[in-house]
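Participant: Below you will find the structure I want to go over with you.
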Amino acid sequence: MTTNHNTTQDVAAPPEQFNFAQFLLERNDDRADRPAFIDDTGILTYSDLSQRVRSMATGLRSLGLKREERVLLLMHDCNDWPVSFLGAMYAGLVPVAVNTLLTADDYAFMLENSRAQAVLVSGALLPTLTAAMTRSDHEVTKVIVSKPVAPLHPAEVEFESFLQAHQPMAKAAATKADDPGFWLYSSGSTGRPKGTVHSHANPYWTSMLYGKDVLKITEHDVCFSAAKLFFAYGLGNGLTFPMAVGACAILMAERPTPDATFKRMTGGVGGVKPTVFFGAPTGFAGMLAHPNLPSKTDVAMRLVSSAGEALPAELGERFTQHFGVNIVDGIGSTEMLHIFLSNKPDDVRYGTTGWAVPGYEIELRGDDGNAVPDGEPGDLYIKGPSAALMYWGNREKSRETFQGGWTKSGDKYVRNADGTYTYGGRSDDMLKVSGIYVSPFEVEATLIQHPAVLEAAVIGVNDSEGLTKTKAFVVLKDGATVSDEELKAFVKDKLAPYKYPRVIEFLNELPKTATGKIQRFKLRAQEAQS
């Protein structure tokens, strides 16, 4: 079934010659004294941001870096992050934003894979980067260190000194809308990360089609994203969406624990309370279970967004009951850059992922490649203007994912009679039990409705006869107790009997990516070895 009622006709396409960093800076020329970003160290106005971005551009080009060469960006969320990212793009270079929670081996791979010529890094992450560089044969020209915590070596330079040593670049690089603008590495929820190449135009489309037209963010908003800037979801939430309309964004260097999140939500940084909060279901569950949960009157949220994993209806309803604001759940991907299927702020239907975002087409296909009818699970394909150009150096995966104008998401969905879509899980996670497809997410969403359960992950395991059965891994809330038989009965009471988990194992925590996605492939590997 295809949804084909959405076009981009109401949003003008960017011109052929287009530099996204230049677009954002010029869009805010009349907001010079307005705050663009607030981190733990202070406020960065739009005027200061423009100066620093253009000085960064001059500095990077002074190192001998040439158009389209890559610059690795390994930095905690702070005011230096947008300066680095946009400075590279302004200069016609390609920033490669990477996860800050990986290992030296991961960064060694990314350095070699991207052939980055320079690195912009947080001082606290410099030792890990140094270890990565010693393990890699790839040579880096210069390492620029934000907030160093130890004396620097000759090949390293302090961020602020680097900016002060260079005049702002007078003119942005004459890039094209379809030129490579930046890379993001896929989150690795299904294995090795892939370098996903996005154009200068792609963040323009997501900012206009979703941030501006669906979420309706305005210059009066203060945005705060628990998802980090290196993540496709976080990049839109915390940088491209607010800057596209002249809003302000709060950036948080530390991990998004409930206490750290509450501090920002209640105005504990800069004295400003966010009006738009971007989170993920795992984070919402942790917040609602936390003893320091703020009250409705402590916050100023008018809009809450969720992505990264499907939002269980029960979780959304509890959040709304407490804070009096709905969670707008959607799905996006690194490959599509941001959300393409979403609920609407004025029409939230918990338990579904809503409708196609205007400007995107959705199709559900069966194993035979043909569209499936409403009510039947199918593989999710998306057509839209923000699709990545390719996976760098990985033709096989590129051809598998980017099929003509369509992008294969790797998710299973069902289209409902009202035109909304219900998540069924990752395509490689779907289970066939008794000859019928079972969605792990449906079982997980049922398990977490039990008052003792914090999180759950479901996989398929073979029984003694080689038949597939469901197994659940469950994390309980602090101090809670419940038996596996009680949980099985709880699921049987709410779902068809064949769907209940035949085996339940209790864990202290589930394996996840740094962006909060459950890594079921690790659970499957663990089972295979047992």
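Letters A, B, ... mark the chains of the structure tokens in the order given; residue numbers begin at 1 per chain; ligand numbers begin at 1, in order shown.
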Would you mind listing what lies within 8 Å of A:Ala452 as a PyMOL selection string, with only C-alpha atoms counted and same-chain residues fewer than 6 positions away left out?
Facilitator: chain A and resi 476-477+480-482
Participant: Would you mind exporting C-alpha atoms of the selected residues as a PDB file, in the first residue's frame?
Facilitator:
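That gives us out.pdb:
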ATOM      1  CA  LEU A 476      12.475  -4.655  36.345  1.00  0.00           C
ATOM      2  CA  LYS A 477      12.007  -1.301  38.035  1.00  0.00           C
ATOM      3  CA  ALA A 480      10.050  -4.437  41.958  1.00  0.00           C
ATOM      4  CA  THR A 481       9.529  -8.199  41.905  1.00  0.00           C
ATOM      5  CA  VAL A 482       7.443 -10.412  39.650  1.00  0.00           C
TER       6      VAL A 482
END
Participant: For A:Ala244, please output as a PyMOL selection string all residues within 9 Å (counting only C-alpha atoms; exclusion window: fewer than 6 positions along the same chain).
Facilitator: chain A and resi 23-24+27-28+204+207-208+211-212+218-219
Participant: Just C-alpha atoms for this one: save the residues we selected as a short mmCIF file (atom, residue, chain, number, x, y, z; two decimals), in the first residue's frame.
Facilitator:
data_model
loop_
_atom_site.label_atom_id
_atom_site.label_comp_id
_atom_site.auth_asym_id
_atom_site.auth_seq_id
_atom_site.Cartn_x
_atom_site.Cartn_y
_atom_site.Cartn_z
CA PHE A 23 21.94 29.33 4.32
CA LEU A 24 21.55 29.00 8.10
CA ARG A 27 18.75 33.26 7.52
CA ASN A 28 19.55 34.70 10.95
CA TYR A 204 17.24 21.87 4.34
CA SER A 207 14.10 21.38 8.51
CA MET A 208 11.41 22.71 6.21
CA GLY A 211 10.76 20.92 11.81
CA LYS A 212 8.89 23.90 10.37
CA THR A 218 9.24 29.05 15.61
CA GLU A 219 11.84 31.62 16.61
#
Participant: Extract, using only C-alpha atoms, all DNA, RNA and protein residues at most 12 Å from A:Asp368, discarding same-chain residues fewer than 3 positions from it, and format them as a PDB file with N, CA, C and O atoms, in the first residue's frame.
Facilitator:
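Final output, result32.pdb:
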ATOM      1  N   LEU A 364       4.516  -0.168   1.727  1.00  0.00           N
ATOM      2  CA  LEU A 364       4.774  -1.416   2.441  1.00  0.00           C
ATOM      3  C   LEU A 364       4.770  -2.545   1.427  1.00  0.00           C
ATOM      4  O   LEU A 364       3.797  -2.712   0.679  1.00  0.00           O
ATOM      5  N   ARG A 365       5.849  -3.330   1.414  1.00  0.00           N
ATOM      6  CA  ARG A 365       5.995  -4.401   0.426  1.00  0.00           C
ATOM      7  C   ARG A 365       6.166  -5.746   1.111  1.00  0.00           C
ATOM      8  O   ARG A 365       6.785  -5.848   2.167  1.00  0.00           O
ATOM      9  N   ALA A 371       3.286  -4.476  -3.178  1.00  0.00           N
ATOM     10  CA  ALA A 371       2.625  -3.782  -2.074  1.00  0.00           C
ATOM     11  C   ALA A 371       1.662  -4.724  -1.359  1.00  0.00           C
ATOM     12  O   ALA A 371       0.986  -5.545  -1.992  1.00  0.00           O
ATOM     13  N   VAL A 372       1.590  -4.609  -0.038  1.00  0.00           N
ATOM     14  CA  VAL A 372       0.688  -5.447   0.754  1.00  0.00           C
ATOM     15  C   VAL A 372      -0.579  -4.648   1.071  1.00  0.00           C
ATOM     16  O   VAL A 372      -0.547  -3.416   1.139  1.00  0.00           O
ATOM     17  N   GLY A 378       4.344  -5.439   6.248  1.00  0.00           N
ATOM     18  CA  GLY A 378       5.193  -5.321   5.067  1.00  0.00           C
ATOM     19  C   GLY A 378       6.467  -4.569   5.391  1.00  0.00           C
ATOM     20  O   GLY A 378       6.564  -3.880   6.413  1.00  0.00           O
ATOM     21  N   ASP A 379       7.458  -4.713   4.521  1.00  0.00           N
ATOM     22  CA  ASP A 379       8.710  -3.974   4.664  1.00  0.00           C
ATOM     23  C   ASP A 379       8.479  -2.521   4.281  1.00  0.00           C
ATOM     24  O   ASP A 379       7.858  -2.228   3.249  1.00  0.00           O
TER      25      ASP A 379
END
Participant: Please identify which residues in stretch 214-460 of chain A DSSP calls alpha helix (DSSP H) from the backbone, and express them as a VMD selection string.
Facilitator: chain A and resid 232 to 235 241 to 245 258 to 265 281 to 288 313 to 323 395 to 401 440 to 447
Participant: Tell me which protein, DNA and RNA residues are within 9 Å of A:Ile43, counting only C-alpha atoms, leaving out same-chain ones fewer than 6 positions away, and put them as a list in words.
Facilitator: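 After dropping sequence-adjacent residues, the list is Pro35, Ala36, Phe37, Asn79 and Gly270 of chain A.
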Participant: Any chance you can output those residues with N, CA and C atoms as an mmCIF file, in the first residue's frame?
Facilitator:
data_model
loop_
_atom_site.group_PDB
_atom_site.id
_atom_site.type_symbol
_atom_site.label_atom_id
_atom_site.label_comp_id
_atom_site.auth_asym_id
_atom_site.auth_seq_id
_atom_site.Cartn_x
_atom_site.Cartn_y
_atom_site.Cartn_z
ATOM 1 N N PRO A 35 19.985 34.600 21.317
ATOM 2 C CA PRO A 35 20.767 33.402 21.617
ATOM 3 C C PRO A 35 20.487 32.282 20.612
ATOM 4 N N ALA A 36 21.550 31.711 20.077
ATOM 5 C CA ALA A 36 21.421 30.566 19.174
ATOM 6 C C ALA A 36 21.580 29.262 19.954
ATOM 7 N N PHE A 37 22.606 29.225 20.824
ATOM 8 C CA PHE A 37 22.886 28.019 21.602
ATOM 9 C C PHE A 37 23.238 28.397 23.035
ATOM 10 N N ASN A 79 28.679 24.416 22.710
ATOM 11 C CA ASN A 79 28.637 25.496 21.724
ATOM 12 C C ASN A 79 29.707 25.365 20.643
ATOM 13 N N GLY A 270 21.261 28.246 32.280
ATOM 14 C CA GLY A 270 20.947 29.501 31.605
ATOM 15 C C GLY A 270 19.645 30.136 32.048
#
Participant: For stretch 265-268 of chain A, find every residue with an atom within 8 Å (counting only C-alpha atoms), except residues of its own chain fewer than 2 positions away, and show them as a ChimeraX atom specification.
Facilitator: /A:224,261-263,270-274,294,298-300
Participant: For the selection you just gave me, I'd like the residues written to a file as a compact mmCIF listing (two decimals), in the first residue's frame, keeping all heavy atoms.
Facilitator:
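Dumped to part.txt:
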# COMPACT_ATOMS: atom_id res chain seq x y z
N PHE A 224 15.37 21.55 23.24
CA PHE A 224 16.31 20.75 24.02
C PHE A 224 16.15 19.28 23.61
O PHE A 224 15.06 18.73 23.68
CB PHE A 224 16.08 20.91 25.51
CG PHE A 224 16.85 19.94 26.37
CD1 PHE A 224 18.22 19.76 26.18
CD2 PHE A 224 16.22 19.21 27.35
CE1 PHE A 224 18.93 18.86 26.96
CE2 PHE A 224 16.92 18.31 28.14
CZ PHE A 224 18.29 18.14 27.94
N THR A 261 18.63 15.51 32.52
CA THR A 261 17.54 16.00 31.68
C THR A 261 16.61 16.92 32.46
O THR A 261 16.23 17.99 31.98
CB THR A 261 16.75 14.80 31.12
OG1 THR A 261 17.63 13.96 30.37
CG2 THR A 261 15.62 15.27 30.21
N PHE A 262 16.27 16.53 33.68
CA PHE A 262 15.39 17.36 34.50
C PHE A 262 16.00 18.72 34.77
O PHE A 262 15.30 19.74 34.81
CB PHE A 262 15.09 16.66 35.84
CG PHE A 262 14.35 15.35 35.72
CD1 PHE A 262 14.45 14.39 36.71
CD2 PHE A 262 13.56 15.09 34.60
CE1 PHE A 262 13.77 13.18 36.61
CE2 PHE A 262 12.88 13.88 34.48
CZ PHE A 262 12.98 12.93 35.49
N LYS A 263 17.32 18.76 34.96
CA LYS A 263 18.00 20.02 35.23
C LYS A 263 17.75 21.02 34.10
O LYS A 263 17.47 22.21 34.35
CB LYS A 263 19.50 19.78 35.41
CG LYS A 263 20.31 21.03 35.70
CD LYS A 263 21.79 20.69 35.87
CE LYS A 263 22.62 21.94 36.09
NZ LYS A 263 24.07 21.61 36.25
N GLY A 270 21.26 28.25 32.28
CA GLY A 270 20.95 29.50 31.60
C GLY A 270 19.64 30.14 32.05
O GLY A 270 19.24 31.17 31.50
N GLY A 271 18.96 29.52 33.02
CA GLY A 271 17.70 30.08 33.49
C GLY A 271 16.57 30.02 32.48
O GLY A 271 15.55 30.69 32.65
N VAL A 272 16.76 29.21 31.43
CA VAL A 272 15.77 29.13 30.35
C VAL A 272 15.16 27.73 30.33
O VAL A 272 15.87 26.73 30.34
CB VAL A 272 16.42 29.43 28.98
CG1 VAL A 272 15.41 29.29 27.86
CG2 VAL A 272 17.02 30.83 28.98
N LYS A 273 13.84 27.67 30.29
CA LYS A 273 13.16 26.38 30.21
C LYS A 273 12.81 26.06 28.76
O LYS A 273 12.26 26.92 28.05
CB LYS A 273 11.87 26.40 31.04
CG LYS A 273 12.09 26.56 32.54
CD LYS A 273 10.76 26.53 33.28
CE LYS A 273 10.96 26.70 34.78
NZ LYS A 273 9.67 26.64 35.53
N PRO A 274 13.13 24.86 28.29
CA PRO A 274 12.79 24.51 26.91
C PRO A 274 11.28 24.41 26.71
O PRO A 274 10.54 23.95 27.58
CB PRO A 274 13.46 23.15 26.71
CG PRO A 274 13.67 22.60 28.08
CD PRO A 274 13.86 23.78 28.98
N PRO A 294 9.99 15.93 37.74
CA PRO A 294 9.38 17.25 37.98
C PRO A 294 7.87 17.20 37.78
O PRO A 294 7.33 16.29 37.13
CB PRO A 294 10.03 18.14 36.90
CG PRO A 294 11.18 17.37 36.37
CD PRO A 294 10.86 15.93 36.56
N ASP A 298 6.59 22.64 36.86
CA ASP A 298 8.04 22.91 36.90
C ASP A 298 8.63 23.12 35.51
O ASP A 298 9.78 23.56 35.38
CB ASP A 298 8.79 21.75 37.57
CG ASP A 298 8.47 21.62 39.05
OD1 ASP A 298 8.24 22.67 39.68
OD2 ASP A 298 8.45 20.49 39.56
N VAL A 299 7.88 22.74 34.47
CA VAL A 299 8.40 22.77 33.12
C VAL A 299 7.56 23.70 32.25
O VAL A 299 6.49 24.16 32.66
CB VAL A 299 8.44 21.35 32.51
CG1 VAL A 299 9.31 20.42 33.35
CG2 VAL A 299 7.04 20.77 32.37
N ALA A 300 8.07 23.97 31.03
CA ALA A 300 7.36 24.86 30.11
C ALA A 300 7.16 24.21 28.75
O ALA A 300 7.04 24.90 27.73
CB ALA A 300 8.15 26.17 29.96
Participant: Between A:Asn416, A:Gln449, A:Thr275, A:Asn99, single out the one closest to A:Glu376, counting only C-alpha atoms.
Facilitator: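 Once distances to A:Glu376 are computed over only C-alpha atoms, the minimum belongs to A:Asn416.
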Participant: Smallest atom-to-atom distance to A:Pro168: which of A:Thr141, A:Gly87, A:Ser186, A:Leu93, using only C-alpha atoms?
Facilitator: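 Nearest to A:Pro168: A:Gly87.
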Participant: From the list A:Val140, A:Leu63, A:Ala226, A:Met336, which residue is nearest A:His198 when using only C-alpha atoms?
Facilitator: A:Met336
Participant: Which residue, A:Ala177, A:Ala525, A:Ala13, A:Ala456, has the smallest gap to A:Leu510 when you use only C-alpha atoms?
Facilitator: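 Among the listed residues, A:Ala456 lies closest to A:Leu510.
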Participant: Considering only C-alpha atoms, state which residue in the set A:Gly332, A:Pro15, A:Pro148, A:Gly324 is at the smallest distance from A:Met75.
Facilitator: A:Pro148
Participant: With distances taken over only C-alpha atoms, which of A:Val83, A:Cys248, A:Met110, A:Val222 is nearest to A:Leu163?
Facilitator: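 Comparing A:Val83, A:Cys248, A:Met110, A:Val222 against A:Leu163, the winner is A:Val83.
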Participant: Write out as a list in words the residues lying within 12 Å of A:His322, counting only C-alpha atoms and excluding same-chain residues fewer than 6 positions away.
Facilitator: Phe284, Met287, Leu288, Ala289, Leu293, Pro294, Ser295, Lys296, Thr297, Asp298, Val299, Leu315 and Gly316 of chain A
Participant: List as a VMD selection string the protein and nucleic acid residues near stretch 150-159 of chain A, meaning an atom at most 10 Å away when only C-alpha atoms are counted, but skip any in the same chain fewer than 3 places from it.
Facilitator: chain A and resid 56 80 84 119 to 124 126 to 127 140 to 147 162 to 164
Participant: Only all heavy atoms, please: the residues just picked out, written as a compact mmCIF listing (two decimals), in the first residue's frame.
Facilitator:
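Ended up saving to again_19.txt:
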# COMPACT_ATOMS: atom_id res chain seq x y z
N MET A 56 36.33 29.39 11.76
CA MET A 56 36.66 27.96 11.69
C MET A 56 36.87 27.54 10.24
O MET A 56 37.80 26.78 9.93
CB MET A 56 35.53 27.14 12.32
CG MET A 56 35.69 25.62 12.18
SD MET A 56 37.23 24.97 12.91
CE MET A 56 36.88 25.19 14.66
N ASP A 80 30.78 24.63 20.93
CA ASP A 80 31.82 24.43 19.92
C ASP A 80 31.38 23.45 18.83
O ASP A 80 31.98 23.42 17.75
CB ASP A 80 33.10 23.90 20.57
CG ASP A 80 33.80 24.95 21.43
OD1 ASP A 80 33.46 26.14 21.30
OD2 ASP A 80 34.67 24.57 22.24
N SER A 84 31.98 23.91 14.79
CA SER A 84 32.82 22.96 14.07
C SER A 84 32.11 22.39 12.85
O SER A 84 32.65 22.36 11.74
CB SER A 84 33.23 21.82 15.00
OG SER A 84 33.90 22.31 16.15
N VAL A 119 40.89 16.46 12.80
CA VAL A 119 39.92 16.03 13.80
C VAL A 119 39.61 17.19 14.73
O VAL A 119 40.53 17.89 15.19
CB VAL A 119 40.45 14.84 14.63
CG1 VAL A 119 39.40 14.40 15.66
CG2 VAL A 119 40.83 13.66 13.74
N LEU A 120 38.33 17.38 15.00
CA LEU A 120 37.87 18.32 16.03
C LEU A 120 37.35 17.47 17.18
O LEU A 120 36.42 16.68 17.00
CB LEU A 120 36.77 19.21 15.47
CG LEU A 120 37.26 20.20 14.40
CD1 LEU A 120 36.25 20.36 13.28
CD2 LEU A 120 37.54 21.56 15.04
N VAL A 121 37.96 17.62 18.37
CA VAL A 121 37.69 16.67 19.45
C VAL A 121 37.56 17.39 20.79
O VAL A 121 38.22 18.41 21.04
CB VAL A 121 38.81 15.60 19.51
CG1 VAL A 121 40.17 16.25 19.79
CG2 VAL A 121 38.51 14.51 20.52
N SER A 122 36.70 16.87 21.65
CA SER A 122 36.62 17.36 23.03
C SER A 122 37.84 16.88 23.81
O SER A 122 38.30 15.74 23.63
CB SER A 122 35.35 16.84 23.71
OG SER A 122 34.21 17.44 23.18
N GLY A 123 38.35 17.73 24.70
CA GLY A 123 39.53 17.37 25.47
C GLY A 123 39.36 16.07 26.24
O GLY A 123 40.29 15.26 26.33
N ALA A 124 38.18 15.83 26.78
CA ALA A 124 37.94 14.62 27.55
C ALA A 124 38.01 13.36 26.68
O ALA A 124 38.22 12.25 27.19
CB ALA A 124 36.57 14.69 28.23
N LEU A 126 40.13 13.17 23.99
CA LEU A 126 41.42 13.14 23.31
C LEU A 126 42.22 11.86 23.57
O LEU A 126 42.82 11.30 22.64
CB LEU A 126 42.24 14.37 23.69
CG LEU A 126 43.59 14.53 23.00
CD1 LEU A 126 43.45 14.55 21.47
CD2 LEU A 126 44.29 15.81 23.48
N PRO A 127 42.28 11.33 24.80
CA PRO A 127 43.03 10.09 25.01
C PRO A 127 42.52 8.92 24.17
O PRO A 127 43.33 8.14 23.62
CB PRO A 127 42.84 9.81 26.51
CG PRO A 127 42.60 11.15 27.11
CD PRO A 127 41.79 11.88 26.09
N VAL A 140 46.65 12.03 10.21
CA VAL A 140 45.80 13.21 10.34
C VAL A 140 46.68 14.45 10.38
O VAL A 140 47.72 14.48 11.07
CB VAL A 140 44.95 13.12 11.62
CG1 VAL A 140 44.21 14.42 11.88
CG2 VAL A 140 43.96 11.96 11.52
N THR A 141 46.29 15.50 9.64
CA THR A 141 47.09 16.72 9.56
C THR A 141 47.13 17.48 10.88
O THR A 141 48.18 17.92 11.34
CB THR A 141 46.52 17.65 8.46
OG1 THR A 141 46.54 16.95 7.21
CG2 THR A 141 47.34 18.93 8.34
N LYS A 142 45.97 17.65 11.50
CA LYS A 142 45.89 18.47 12.71
C LYS A 142 44.73 18.01 13.59
O LYS A 142 43.69 17.60 13.09
CB LYS A 142 45.69 19.94 12.33
CG LYS A 142 45.67 20.91 13.51
CD LYS A 142 47.04 21.06 14.16
CE LYS A 142 47.99 21.87 13.32
NZ LYS A 142 49.27 22.14 14.03
N VAL A 143 44.95 18.10 14.89
CA VAL A 143 43.91 17.81 15.87
C VAL A 143 43.59 19.09 16.62
O VAL A 143 44.48 19.70 17.22
CB VAL A 143 44.35 16.70 16.85
CG1 VAL A 143 43.29 16.49 17.93
CG2 VAL A 143 44.63 15.40 16.10
N ILE A 144 42.33 19.52 16.57
CA ILE A 144 41.88 20.76 17.21
C ILE A 144 41.06 20.36 18.43
O ILE A 144 40.06 19.65 18.30
CB ILE A 144 41.06 21.61 16.23
CG1 ILE A 144 41.92 21.93 14.99
CG2 ILE A 144 40.58 22.89 16.89
CD1 ILE A 144 41.11 22.25 13.76
N VAL A 145 41.47 20.82 19.61
CA VAL A 145 40.93 20.30 20.87
C VAL A 145 40.07 21.34 21.58
O VAL A 145 40.54 22.42 21.94
CB VAL A 145 42.08 19.84 21.80
CG1 VAL A 145 41.50 19.19 23.05
CG2 VAL A 145 43.02 18.88 21.07
N SER A 146 38.82 21.00 21.78
CA SER A 146 37.89 21.85 22.53
C SER A 146 38.00 21.54 24.02
O SER A 146 37.90 20.39 24.43
CB SER A 146 36.45 21.58 22.04
OG SER A 146 35.50 22.18 22.88
N LYS A 147 38.25 22.57 24.80
CA LYS A 147 38.33 22.44 26.26
C LYS A 147 39.33 21.34 26.68
O LYS A 147 38.94 20.35 27.31
CB LYS A 147 36.95 22.17 26.85
CG LYS A 147 35.93 23.27 26.52
CD LYS A 147 34.55 22.90 27.00
CE LYS A 147 33.54 24.00 26.66
NZ LYS A 147 33.41 24.22 25.20
N PHE A 162 42.83 28.47 17.99
CA PHE A 162 42.71 28.22 16.55
C PHE A 162 41.75 29.21 15.91
O PHE A 162 42.04 29.79 14.85
CB PHE A 162 42.23 26.78 16.32
CG PHE A 162 42.20 26.35 14.89
CD1 PHE A 162 43.38 26.09 14.20
CD2 PHE A 162 41.00 26.20 14.23
CE1 PHE A 162 43.35 25.69 12.87
CE2 PHE A 162 40.96 25.80 12.91
CZ PHE A 162 42.13 25.54 12.22
N LEU A 163 40.61 29.45 16.55
CA LEU A 163 39.65 30.42 16.01
C LEU A 163 40.22 31.83 15.99
O LEU A 163 40.09 32.56 15.00
CB LEU A 163 38.36 30.40 16.84
CG LEU A 163 37.41 29.22 16.69
CD1 LEU A 163 36.15 29.48 17.51
CD2 LEU A 163 37.04 28.97 15.24
N GLN A 164 40.84 32.22 17.11
CA GLN A 164 41.35 33.58 17.22
C GLN A 164 42.46 33.88 16.22
O GLN A 164 42.70 35.05 15.88
CB GLN A 164 41.84 33.83 18.65
CG GLN A 164 40.75 33.75 19.71
CD GLN A 164 39.61 34.73 19.46
OE1 GLN A 164 39.83 35.87 19.06
NE2 GLN A 164 38.38 34.27 19.70
Participant: In Å, with one decimal, what is the gap from atom CA of A:Arg264 to atom CA of A:Asn292?
Facilitator: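 Computing it gives 13.3 Å between the two atoms.
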Participant: Which residues in stretch 286-515 of chain A does DSSP call strand (DSSP E)? List them as a ChimeraX atom specification.
Facilitator: /A:303-306,327-332,339-342,355-356,361-365,378-383,390-391,402-403,406-415,421-426,431-433,436-438,453-462,468-476,503-506
Participant: What does the distance from atom CA of A:Ser306 to atom CA of A:Val269 come to in Å, to one decimal?
Facilitator: 22.4 Å
Participant: Just give me the gap between atom CA of A:Arg70 and atom CA of A:Val96 in Å, one decimal is fine.
Facilitator: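 The value is 6.5 Å.
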